[in-house]
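Have a look at model_9.pdb; it's PDB, C-alpha atoms, pLDDT in the B column:
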ATOM      1  CA  GLU F  20     -13.906  -8.473 -11.164  1.00 87.00           C
ATOM      2  CA  ALA F  21     -12.131  -8.252  -7.797  1.00 86.00           C
ATOM      3  CA  GLN F  22     -12.410  -4.689  -6.666  1.00 93.00           C
ATOM      4  CA  VAL F  23     -12.014  -2.228  -3.817  1.00 96.00           C
ATOM      5  CA  THR F  24     -14.107   0.867  -4.448  1.00 96.00           C
ATOM      6  CA  GLN F  25     -13.568   4.148  -2.670  1.00 96.00           C
ATOM      7  CA  ASN F  26     -15.708   7.251  -2.869  1.00 97.00           C
ATOM      8  CA  PRO F  27     -15.278  10.056  -3.466  1.00 97.00           C
ATOM      9  CA  ARG F  28     -12.045  10.211  -5.491  1.00 95.00           C
ATOM     10  CA  TYR F  29     -11.572  13.903  -4.738  1.00 96.00           C
ATOM     11  CA  LEU F  30     -12.915  15.979  -1.875  1.00 97.00           C
ATOM     12  CA  ILE F  31     -12.339  19.554  -0.766  1.00 97.00           C
ATOM     13  CA  THR F  32     -13.851  20.487   2.571  1.00 96.00           C
ATOM     14  CA  VAL F  33     -13.572  23.058   5.318  1.00 97.00           C
ATOM     15  CA  THR F  34     -12.092  22.653   8.751  1.00 97.00           C
ATOM     16  CA  GLY F  35     -14.489  21.071  11.210  1.00 97.00           C
ATOM     17  CA  LYS F  36     -17.065  19.774   8.752  1.00 97.00           C
ATOM     18  CA  LYS F  37     -17.633  16.073   9.326  1.00 97.00           C
ATOM     19  CA  LEU F  38     -17.013  13.801   6.368  1.00 97.00           C
ATOM     20  CA  THR F  39     -17.053  10.115   5.486  1.00 98.00           C
ATOM     21  CA  VAL F  40     -15.023   8.314   2.853  1.00 98.00           C
ATOM     22  CA  THR F  41     -16.609   5.049   1.849  1.00 98.00           C
ATOM     23  CA  CYS F  42     -14.818   1.806   0.997  1.00 98.00           C
ATOM     24  CA  SER F  43     -16.371  -1.377  -0.319  1.00 98.00           C
ATOM     25  CA  GLN F  44     -14.846  -4.676  -1.444  1.00 97.00           C
ATOM     26  CA  ASN F  45     -16.432  -7.569  -3.354  1.00 96.00           C
ATOM     27  CA  MET F  46     -13.974 -10.349  -2.454  1.00 93.00           C
ATOM     28  CA  ASN F  47     -15.430 -11.412   0.904  1.00 93.00           C
ATOM     29  CA  HIS F  48     -12.172 -10.429   2.619  1.00 92.00           C
ATOM     30  CA  GLU F  49     -12.082 -10.332   6.388  1.00 91.00           C
ATOM     31  CA  TYR F  50      -9.216  -7.845   6.679  1.00 92.00           C
ATOM     32  CA  MET F  51      -9.616  -4.223   5.642  1.00 94.00           C
ATOM     33  CA  SER F  52      -7.470  -1.208   6.372  1.00 95.00           C
ATOM     34  CA  TRP F  53      -7.026   2.481   5.712  1.00 97.00           C
ATOM     35  CA  TYR F  54      -3.746   4.203   4.829  1.00 96.00           C
ATOM     36  CA  ARG F  55      -2.741   7.759   4.226  1.00 96.00           C
ATOM     37  CA  GLN F  56       0.035   8.633   1.812  1.00 93.00           C
ATOM     38  CA  ASP F  57       2.107  11.765   2.292  1.00 93.00           C
ATOM     39  CA  PRO F  58       5.248  12.937   0.473  1.00 88.00           C
ATOM     40  CA  GLY F  59       8.393  11.656   2.138  1.00 86.00           C
ATOM     41  CA  LEU F  60       6.418   9.529   4.592  1.00 89.00           C
ATOM     42  CA  GLY F  61       5.112   6.801   2.334  1.00 88.00           C
ATOM     43  CA  LEU F  62       2.044   4.840   3.395  1.00 91.00           C
ATOM     44  CA  ARG F  63       0.987   4.878   7.020  1.00 93.00           C
ATOM     45  CA  GLN F  64      -1.791   2.732   8.389  1.00 93.00           C
ATOM     46  CA  ILE F  65      -4.638   4.585  10.104  1.00 96.00           C
ATOM     47  CA  TYR F  66      -7.003   1.810  11.219  1.00 96.00           C
ATOM     48  CA  TYR F  67      -7.627  -1.787  10.364  1.00 94.00           C
ATOM     49  CA  SER F  68     -10.366  -4.339  10.865  1.00 94.00           C
ATOM     50  CA  MET F  69     -10.045  -8.089  11.103  1.00 90.00           C
ATOM     51  CA  ASN F  70     -13.750  -8.770  10.771  1.00 91.00           C
ATOM     52  CA  VAL F  71     -17.207  -7.350  11.373  1.00 94.00           C
ATOM     53  CA  GLU F  72     -17.311  -5.259  14.555  1.00 93.00           C
ATOM     54  CA  VAL F  73     -13.551  -5.761  15.106  1.00 92.00           C
ATOM     55  CA  THR F  74     -11.410  -2.680  14.519  1.00 95.00           C
ATOM     56  CA  ASP F  75      -8.053  -1.520  15.831  1.00 94.00           C
ATOM     57  CA  LYS F  76      -5.706   1.427  15.609  1.00 95.00           C
ATOM     58  CA  GLY F  77      -2.854   1.538  13.177  1.00 93.00           C
ATOM     59  CA  ASP F  78       0.131   3.863  13.319  1.00 91.00           C
ATOM     60  CA  VAL F  79      -1.668   7.212  12.895  1.00 96.00           C
ATOM     61  CA  PRO F  80      -5.255   6.917  14.209  1.00 97.00           C
ATOM     62  CA  GLU F  81      -5.664  10.375  15.792  1.00 97.00           C
ATOM     63  CA  GLY F  82      -8.514  12.347  14.285  1.00 97.00           C
ATOM     64  CA  TYR F  83     -10.096   9.375  12.526  1.00 98.00           C
ATOM     65  CA  LYS F  84     -12.842   6.867  13.232  1.00 98.00           C
ATOM     66  CA  VAL F  85     -13.917   3.731  11.411  1.00 98.00           C
ATOM     67  CA  SER F  86     -16.744   1.249  11.602  1.00 96.00           C
ATOM     68  CA  ARG F  87     -17.262  -2.265  10.293  1.00 97.00           C
ATOM     69  CA  LYS F  88     -20.931  -3.130  10.439  1.00 97.00           C
ATOM     70  CA  GLU F  89     -20.848  -5.277   7.325  1.00 96.00           C
ATOM     71  CA  LYS F  90     -18.050  -7.382   5.959  1.00 96.00           C
ATOM     72  CA  ARG F  91     -17.835  -5.572   2.629  1.00 97.00           C
ATOM     73  CA  ASN F  92     -17.814  -1.969   3.904  1.00 98.00           C
ATOM     74  CA  PHE F  93     -15.241  -0.074   5.949  1.00 98.00           C
ATOM     75  CA  PRO F  94     -15.915   3.678   6.001  1.00 98.00           C
ATOM     76  CA  LEU F  95     -13.393   6.218   7.262  1.00 98.00           C
ATOM     77  CA  ILE F  96     -14.896   9.043   9.290  1.00 98.00           C
ATOM     78  CA  LEU F  97     -13.327  12.412  10.032  1.00 98.00           C
ATOM     79  CA  GLU F  98     -15.492  13.982  12.734  1.00 96.00           C
ATOM     80  CA  SER F  99     -13.740  17.354  12.672  1.00 97.00           C
ATOM     81  CA  PRO F 100     -11.240  17.521   9.813  1.00 97.00           C
ATOM     82  CA  SER F 101      -8.191  19.731  10.117  1.00 97.00           C
ATOM     83  CA  PRO F 102      -5.713  20.924   7.456  1.00 97.00           C
ATOM     84  CA  ASN F 103      -3.089  18.398   8.615  1.00 97.00           C
ATOM     85  CA  GLN F 104      -5.433  15.665   7.413  1.00 98.00           C
ATOM     86  CA  THR F 105      -5.007  16.857   3.850  1.00 98.00           C
ATOM     87  CA  SER F 106      -3.638  13.732   2.211  1.00 97.00           C
ATOM     88  CA  LEU F 107      -4.191  10.882  -0.222  1.00 96.00           C
ATOM     89  CA  TYR F 108      -6.129   8.040   1.387  1.00 97.00           C
ATOM     90  CA  PHE F 109      -6.233   4.387   0.369  1.00 96.00           C
ATOM     91  CA  CYS F 110      -8.454   1.561   1.468  1.00 96.00           C
ATOM     92  CA  ALA F 111      -7.176  -2.016   1.143  1.00 94.00           C
ATOM     93  CA  SER F 112      -8.508  -5.505   1.736  1.00 93.00           C
ATOM     94  CA  SER F 113      -7.076  -9.028   1.982  1.00 88.00           C
ATOM     95  CA  PRO F 114      -7.965 -12.390   3.464  1.00 83.00           C
ATOM     96  CA  LEU F 115      -7.235 -12.615   7.185  1.00 74.00           C
ATOM     97  CA  GLY F 116      -4.196 -14.609   8.223  1.00 66.00           C
ATOM     98  CA  ALA F 117      -3.861 -15.559   4.607  1.00 59.00           C
ATOM     99  CA  PRO F 118      -1.574 -18.189   3.230  1.00 61.00           C
ATOM    100  CA  THR F 119       1.885 -16.779   2.801  1.00 61.00           C
ATOM    101  CA  GLY F 120       2.154 -14.279   0.025  1.00 63.00           C
ATOM    102  CA  THR F 121      -1.490 -13.375  -0.475  1.00 72.00           C
ATOM    103  CA  GLU F 122      -1.657  -9.896  -1.865  1.00 81.00           C
ATOM    104  CA  ALA F 123      -3.684  -6.941  -0.632  1.00 88.00           C
ATOM    105  CA  PHE F 124      -6.052  -5.154  -3.011  1.00 91.00           C
ATOM    106  CA  PHE F 125      -6.158  -1.382  -2.980  1.00 93.00           C
ATOM    107  CA  GLY F 126      -8.770   1.167  -3.897  1.00 95.00           C
ATOM    108  CA  GLN F 127      -8.065   3.991  -6.337  1.00 93.00           C
ATOM    109  CA  GLY F 128      -7.488   6.516  -3.602  1.00 94.00           C
ATOM    110  CA  THR F 129      -9.270   9.586  -2.250  1.00 97.00           C
ATOM    111  CA  ARG F 130      -7.499  12.901  -2.419  1.00 96.00           C
ATOM    112  CA  LEU F 131      -8.732  15.003   0.486  1.00 98.00           C
ATOM    113  CA  THR F 132      -8.031  18.703   0.910  1.00 98.00           C
ATOM    114  CA  VAL F 133      -9.059  20.443   4.139  1.00 97.00           C
ATOM    115  CA  VAL F 134      -9.000  24.233   3.981  1.00 97.00           C
TER     116      VAL F 134
ATOM    117  CA  GLY W  18       9.272  -4.854  14.924  1.00 71.00           C
ATOM    118  CA  ASN W  19       9.097  -5.142  11.193  1.00 81.00           C
ATOM    119  CA  SER W  20      10.464  -2.415   8.954  1.00 89.00           C
ATOM    120  CA  VAL W  21      11.256  -1.893   5.291  1.00 94.00           C
ATOM    121  CA  THR W  22      13.859   0.512   3.959  1.00 95.00           C
ATOM    122  CA  GLN W  23      14.102   1.436   0.322  1.00 95.00           C
ATOM    123  CA  MET W  24      16.242   3.891  -1.547  1.00 89.00           C
ATOM    124  CA  GLU W  25      14.995   7.433  -1.800  1.00 85.00           C
ATOM    125  CA  GLY W  26      14.104   8.877  -5.133  1.00 86.00           C
ATOM    126  CA  PRO W  27      13.449  10.159  -7.526  1.00 95.00           C
ATOM    127  CA  VAL W  28      15.366   7.795  -9.743  1.00 96.00           C
ATOM    128  CA  THR W  29      15.734   9.380 -13.167  1.00 97.00           C
ATOM    129  CA  LEU W  30      16.675   7.183 -16.128  1.00 97.00           C
ATOM    130  CA  SER W  31      16.654   7.278 -19.881  1.00 97.00           C
ATOM    131  CA  GLU W  32      14.586   4.758 -21.791  1.00 97.00           C
ATOM    132  CA  GLU W  33      16.272   1.337 -22.121  1.00 97.00           C
ATOM    133  CA  ALA W  34      18.519   1.935 -19.103  1.00 97.00           C
ATOM    134  CA  PHE W  35      18.987  -0.679 -16.378  1.00 98.00           C
ATOM    135  CA  LEU W  36      17.016  -0.176 -13.187  1.00 97.00           C
ATOM    136  CA  THR W  37      17.780  -1.186  -9.625  1.00 97.00           C
ATOM    137  CA  ILE W  38      15.741  -0.038  -6.638  1.00 97.00           C
ATOM    138  CA  ASN W  39      17.164  -1.277  -3.362  1.00 97.00           C
ATOM    139  CA  CYS W  40      15.010  -2.662  -0.570  1.00 97.00           C
ATOM    140  CA  THR W  41      16.038  -4.181   2.754  1.00 97.00           C
ATOM    141  CA  TYR W  42      13.835  -5.490   5.531  1.00 95.00           C
ATOM    142  CA  THR W  43      13.905  -6.403   9.174  1.00 92.00           C
ATOM    143  CA  ALA W  44      11.375  -8.879  10.406  1.00 81.00           C
ATOM    144  CA  THR W  45      10.608 -11.599  12.876  1.00 77.00           C
ATOM    145  CA  GLY W  46      10.635 -14.976  11.214  1.00 78.00           C
ATOM    146  CA  TYR W  47      10.336 -15.299   7.479  1.00 83.00           C
ATOM    147  CA  PRO W  48       8.123 -12.664   5.945  1.00 89.00           C
ATOM    148  CA  SER W  49       6.678 -12.613   2.464  1.00 90.00           C
ATOM    149  CA  LEU W  50       7.998  -9.751   0.362  1.00 94.00           C
ATOM    150  CA  PHE W  51       6.242  -7.661  -2.244  1.00 94.00           C
ATOM    151  CA  TRP W  52       6.770  -4.884  -4.717  1.00 97.00           C
ATOM    152  CA  TYR W  53       3.732  -2.706  -5.362  1.00 96.00           C
ATOM    153  CA  VAL W  54       3.555  -0.079  -8.111  1.00 96.00           C
ATOM    154  CA  GLN W  55       1.511   3.119  -8.142  1.00 94.00           C
ATOM    155  CA  TYR W  56       1.003   4.712 -11.546  1.00 94.00           C
ATOM    156  CA  PRO W  57       0.102   8.405 -11.615  1.00 90.00           C
ATOM    157  CA  GLY W  58      -3.401   9.008 -10.294  1.00 86.00           C
ATOM    158  CA  GLU W  59      -4.010   5.375  -9.441  1.00 88.00           C
ATOM    159  CA  GLY W  60      -3.992   3.066  -6.441  1.00 89.00           C
ATOM    160  CA  LEU W  61      -1.340   0.528  -5.600  1.00 92.00           C
ATOM    161  CA  GLN W  62      -1.227  -2.731  -7.498  1.00 92.00           C
ATOM    162  CA  LEU W  63       0.894  -5.778  -6.915  1.00 93.00           C
ATOM    163  CA  LEU W  64       3.899  -5.980  -9.237  1.00 96.00           C
ATOM    164  CA  LEU W  65       5.581  -9.131  -7.920  1.00 96.00           C
ATOM    165  CA  LYS W  66       6.126 -11.135  -4.779  1.00 94.00           C
ATOM    166  CA  ALA W  67       8.323 -13.813  -3.162  1.00 94.00           C
ATOM    167  CA  THR W  68       7.420 -15.962  -0.210  1.00 90.00           C
ATOM    168  CA  LYS W  69      10.653 -17.699   0.815  1.00 89.00           C
ATOM    169  CA  ALA W  70      14.409 -17.396   0.622  1.00 91.00           C
ATOM    170  CA  ASP W  71      15.907 -17.552  -2.891  1.00 94.00           C
ATOM    171  CA  ASP W  72      12.481 -17.180  -4.524  1.00 94.00           C
ATOM    172  CA  LYS W  73      12.483 -14.869  -7.511  1.00 97.00           C
ATOM    173  CA  GLY W  74       9.380 -12.863  -8.278  1.00 96.00           C
ATOM    174  CA  SER W  75       8.942 -11.542 -11.799  1.00 97.00           C
ATOM    175  CA  ASN W  76       6.371  -9.625 -13.819  1.00 96.00           C
ATOM    176  CA  LYS W  77       6.388  -7.226 -16.793  1.00 95.00           C
ATOM    177  CA  GLY W  78      10.160  -7.551 -17.123  1.00 97.00           C
ATOM    178  CA  PHE W  79      10.769  -6.680 -13.462  1.00 98.00           C
ATOM    179  CA  GLU W  80      12.489  -9.142 -11.124  1.00 98.00           C
ATOM    180  CA  ALA W  81      13.374  -9.335  -7.452  1.00 98.00           C
ATOM    181  CA  THR W  82      15.058 -12.130  -5.490  1.00 98.00           C
ATOM    182  CA  TYR W  83      14.415 -12.832  -1.807  1.00 96.00           C
ATOM    183  CA  ARG W  84      17.881 -12.793  -0.207  1.00 96.00           C
ATOM    184  CA  LYS W  85      17.715 -13.989   3.358  1.00 92.00           C
ATOM    185  CA  GLU W  86      21.451 -13.620   4.000  1.00 93.00           C
ATOM    186  CA  THR W  87      21.378  -9.904   3.140  1.00 94.00           C
ATOM    187  CA  THR W  88      17.682  -9.357   4.101  1.00 94.00           C
ATOM    188  CA  SER W  89      17.138  -7.726   0.739  1.00 96.00           C
ATOM    189  CA  PHE W  90      14.597  -7.755  -2.079  1.00 97.00           C
ATOM    190  CA  HIS W  91      15.998  -5.407  -4.725  1.00 98.00           C
ATOM    191  CA  LEU W  92      13.867  -4.611  -7.758  1.00 98.00           C
ATOM    192  CA  GLU W  93      15.540  -4.805 -11.178  1.00 98.00           C
ATOM    193  CA  LYS W  94      14.611  -4.339 -14.795  1.00 98.00           C
ATOM    194  CA  GLY W  95      16.965  -4.689 -17.716  1.00 97.00           C
ATOM    195  CA  SER W  96      15.468  -2.027 -19.978  1.00 96.00           C
ATOM    196  CA  VAL W  97      12.996   0.515 -18.631  1.00 97.00           C
ATOM    197  CA  GLN W  98      10.305   2.214 -20.672  1.00 97.00           C
ATOM    198  CA  VAL W  99       8.635   5.590 -20.294  1.00 97.00           C
ATOM    199  CA  SER W 100       5.489   3.729 -19.231  1.00 96.00           C
ATOM    200  CA  ASP W 101       7.365   2.376 -16.175  1.00 97.00           C
ATOM    201  CA  SER W 102       7.365   5.854 -14.648  1.00 97.00           C
ATOM    202  CA  ALA W 103       5.612   5.359 -11.316  1.00 97.00           C
ATOM    203  CA  VAL W 104       6.168   5.094  -7.580  1.00 95.00           C
ATOM    204  CA  TYR W 105       7.411   1.700  -6.396  1.00 97.00           C
ATOM    205  CA  PHE W 106       6.811   0.411  -2.880  1.00 96.00           C
ATOM    206  CA  CYS W 107       8.591  -2.469  -1.223  1.00 96.00           C
ATOM    207  CA  ALA W 108       6.531  -4.221   1.460  1.00 93.00           C
ATOM    208  CA  SER W 109       6.683  -7.158   3.837  1.00 91.00           C
ATOM    209  CA  ILE W 110       4.142  -9.223   5.727  1.00 87.00           C
ATOM    210  CA  ARG W 111       4.642 -11.786   8.459  1.00 81.00           C
ATOM    211  CA  SER W 112       3.416 -15.257   7.709  1.00 73.00           C
ATOM    212  CA  GLY W 113      -0.152 -15.718   8.916  1.00 71.00           C
ATOM    213  CA  TYR W 114      -0.640 -11.990   9.486  1.00 75.00           C
ATOM    214  CA  SER W 115      -2.436  -9.428   7.371  1.00 75.00           C
ATOM    215  CA  THR W 116      -0.731  -6.119   8.114  1.00 82.00           C
ATOM    216  CA  LEU W 117       1.661  -4.937   5.414  1.00 87.00           C
ATOM    217  CA  THR W 118       4.742  -2.944   6.341  1.00 89.00           C
ATOM    218  CA  PHE W 119       5.686  -0.535   3.549  1.00 92.00           C
ATOM    219  CA  GLY W 120       8.836   1.281   2.618  1.00 93.00           C
ATOM    220  CA  LYS W 121       8.477   4.983   1.857  1.00 93.00           C
ATOM    221  CA  GLY W 122       8.312   4.494  -1.885  1.00 94.00           C
ATOM    222  CA  THR W 123      10.695   5.343  -4.714  1.00 96.00           C
ATOM    223  CA  MET W 124       9.606   7.490  -7.616  1.00 95.00           C
ATOM    224  CA  LEU W 125      10.946   6.388 -10.998  1.00 97.00           C
ATOM    225  CA  LEU W 126      11.018   8.860 -13.876  1.00 97.00           C
ATOM    226  CA  VAL W 127      11.927   7.531 -17.314  1.00 97.00           C
ATOM    227  CA  SER W 128      12.581   9.967 -20.138  1.00 97.00           C
ATOM    228  CA  PRO W 129      12.502   9.154 -23.878  1.00 95.00           C
TER     229      PRO W 129
END

Here is the file; what I need is its structure written in the form of structure tokens.
Amino acid sequence: EAQVTQNPRYLITVTGKKLTVTCSQNMNHEYMSWYRQDPGLGLRQIYYSMNVEVTDKGDVPEGYKVSRKEKRNFPLILESPSPNQTSLYFCASSPLGAPTGTEAFFGQGTRLTVV
Amino acid sequence: GNSVTQMEGPVTLSEEAFLTINCTYTATGYPSLFWYVQYPGEGLQLLLKATKADDKGSNKGFEATYRKETTSFHLEKGSVQVSDSAVYFCASIRSGYSTLTFGKGTMLLVSP
């Protein structure tokens, strides 16, 4: 079954304590990305990756890091989380430069609370 | 650049009512257009899509037609159910690219 798996689903942490949210896909997709979803703001892209070792900033990259050492994994790293990073996070994957209309697949989401 | 604008919610309807959620886009060239749905506590999943002008996407009783002349992709359903309560996102993507541009989402609440 085609799947994007994120872990954990829920996380409560304290300000400044480094954390990693993992994302893995089983579809051999080149393109992966991270979004955050906030009320009234919709989905905003944090970072994306077009292939192994190729990453780039999205619309709201401040305070986040990513890595792409393997094609299937794209972890999101918060080196020093702050309360304004409390949000719902989604990982997504799709084929790169896909034929028109190819859909993106999304993970189930990670609800992060920073206190 | 690309952008997607959709009507703000929440949209509150009674069961069996007619639904329209408006979506307009600006884009370079001819993007593909999508509606994604997010049920409570879940991730986004593709509801329907259209890849060229006058295409109609449809799924689960929902429909949307790609209107190039009005740059619109409005979502419609003739008779909503309580189980349709969710957040709906309109999105676009440029041909050959991989980055989706999302609208802000519209929450739909359907009461019995």

**OP:** With only C-alpha atoms counted, which protein, DNA or RNA residues have an atom no more than 9 Å from (20.3, -2.4, -4.9) in the file frame? Please answer as an MDAnalysis selection string.
**Re:** chainID W and resid 23:24 37:41 89:93

**OP:** Quick one: everything within 9 Å of Met124 of chain W, counting only C-alpha atoms, minus sequence neighbours fewer than 6 positions away in the same chain. Send it as a VMD selection string.
**Re:** chain W and resid 25 to 29 102 to 106

**OP:** Compute the set of chain W residues within 8 Å of chain F, using all atoms listed in the file, and express it as a ChimeraX atom specification.
**Re:** /W:49-50,58-63,66-68,110,112-115,119-122

Starting from the PyMOL selection byres ((chain W and resi 84) around 10), expand the selection into actual residues of this file and give them as an mmCIF file with C-alpha atoms, keeping the file's coordinate frame.
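What follows is the written file expr_24.cif:
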data_model
loop_
_atom_site.group_PDB
_atom_site.id
_atom_site.type_symbol
_atom_site.label_atom_id
_atom_site.label_comp_id
_atom_site.auth_asym_id
_atom_site.auth_seq_id
_atom_site.Cartn_x
_atom_site.Cartn_y
_atom_site.Cartn_z
ATOM 1 C CA THR W 41 16.038 -4.181 2.754
ATOM 2 C CA LYS W 69 10.653 -17.699 0.815
ATOM 3 C CA ALA W 70 14.409 -17.396 0.622
ATOM 4 C CA ASP W 71 15.907 -17.552 -2.891
ATOM 5 C CA ASP W 72 12.481 -17.180 -4.524
ATOM 6 C CA LYS W 73 12.483 -14.869 -7.511
ATOM 7 C CA ALA W 81 13.374 -9.335 -7.452
ATOM 8 C CA THR W 82 15.058 -12.130 -5.490
ATOM 9 C CA TYR W 83 14.415 -12.832 -1.807
ATOM 10 C CA LYS W 85 17.715 -13.989 3.358
ATOM 11 C CA GLU W 86 21.451 -13.620 4.000
ATOM 12 C CA THR W 87 21.378 -9.904 3.140
ATOM 13 C CA THR W 88 17.682 -9.357 4.101
ATOM 14 C CA SER W 89 17.138 -7.726 0.739
ATOM 15 C CA PHE W 90 14.597 -7.755 -2.079
ATOM 16 C CA HIS W 91 15.998 -5.407 -4.725
#

Subject >> the PyMOL selection byres ((chain F and resi 83-95) around 10) resolved against shown file, as an NGL selection string >> reply: :F and (23-26 or 38-53 or 65-76 or 79-82 or 96-100 or 104 or 108 or 110-112)

Complete the atom set of segment 47-68 of chain W to N, CA and C atoms and return it as a CSV table (one decimal), in the coordinates of the input.
chain,number,residue,atom,x,y,z
W,47,TYR,N,10.1,-15.3,8.9
W,47,TYR,CA,10.3,-15.3,7.5
W,47,TYR,C,9.1,-14.6,6.8
W,48,PRO,N,9.3,-13.4,6.6
W,48,PRO,CA,8.1,-12.7,5.9
W,48,PRO,C,8.0,-13.0,4.5
W,49,SER,N,6.8,-12.7,3.9
W,49,SER,CA,6.7,-12.6,2.5
W,49,SER,C,7.0,-11.2,2.0
W,50,LEU,N,7.5,-11.1,0.8
W,50,LEU,CA,8.0,-9.8,0.4
W,50,LEU,C,7.3,-9.4,-0.9
W,51,PHE,N,7.0,-8.1,-1.1
W,51,PHE,CA,6.2,-7.7,-2.2
W,51,PHE,C,6.9,-6.4,-2.8
W,52,TRP,N,6.6,-6.2,-4.1
W,52,TRP,CA,6.8,-4.9,-4.7
W,52,TRP,C,5.4,-4.5,-5.3
W,53,TYR,N,4.9,-3.3,-4.8
W,53,TYR,CA,3.7,-2.7,-5.4
W,53,TYR,C,4.1,-1.5,-6.2
W,54,VAL,N,3.3,-1.2,-7.2
W,54,VAL,CA,3.6,-0.1,-8.1
W,54,VAL,C,2.3,0.8,-8.1
W,55,GLN,N,2.6,2.1,-8.1
W,55,GLN,CA,1.5,3.1,-8.1
W,55,GLN,C,1.7,4.0,-9.4
W,56,TYR,N,0.9,3.8,-10.4
W,56,TYR,CA,1.0,4.7,-11.5
W,56,TYR,C,0.3,6.0,-11.2
W,57,PRO,N,0.7,7.1,-11.9
W,57,PRO,CA,0.1,8.4,-11.6
W,57,PRO,C,-1.4,8.4,-11.6
W,58,GLY,N,-2.0,8.9,-10.5
W,58,GLY,CA,-3.4,9.0,-10.3
W,58,GLY,C,-4.1,7.7,-10.0
W,59,GLU,N,-3.4,6.7,-9.7
W,59,GLU,CA,-4.0,5.4,-9.4
W,59,GLU,C,-3.7,4.8,-8.1
W,60,GLY,N,-4.3,3.8,-7.7
W,60,GLY,CA,-4.0,3.1,-6.4
W,60,GLY,C,-2.8,2.1,-6.6
W,61,LEU,N,-2.5,1.5,-5.5
W,61,LEU,CA,-1.3,0.5,-5.6
W,61,LEU,C,-1.8,-0.8,-6.2
W,62,GLN,N,-0.9,-1.4,-7.0
W,62,GLN,CA,-1.2,-2.7,-7.5
W,62,GLN,C,0.0,-3.6,-7.4
W,63,LEU,N,-0.2,-4.9,-7.1
W,63,LEU,CA,0.9,-5.8,-6.9
W,63,LEU,C,1.7,-5.9,-8.2
W,64,LEU,N,3.0,-5.8,-8.1
W,64,LEU,CA,3.9,-6.0,-9.2
W,64,LEU,C,4.5,-7.4,-9.2
W,65,LEU,N,5.0,-7.8,-8.1
W,65,LEU,CA,5.6,-9.1,-7.9
W,65,LEU,C,5.8,-9.5,-6.4
W,66,LYS,N,6.0,-10.7,-6.2
W,66,LYS,CA,6.1,-11.1,-4.8
W,66,LYS,C,7.0,-12.4,-4.7
W,67,ALA,N,7.5,-12.6,-3.5
W,67,ALA,CA,8.3,-13.8,-3.2
W,67,ALA,C,8.0,-14.2,-1.7
W,68,THR,N,7.9,-15.5,-1.5
W,68,THR,CA,7.4,-16.0,-0.2
W,68,THR,C,8.5,-16.7,0.6
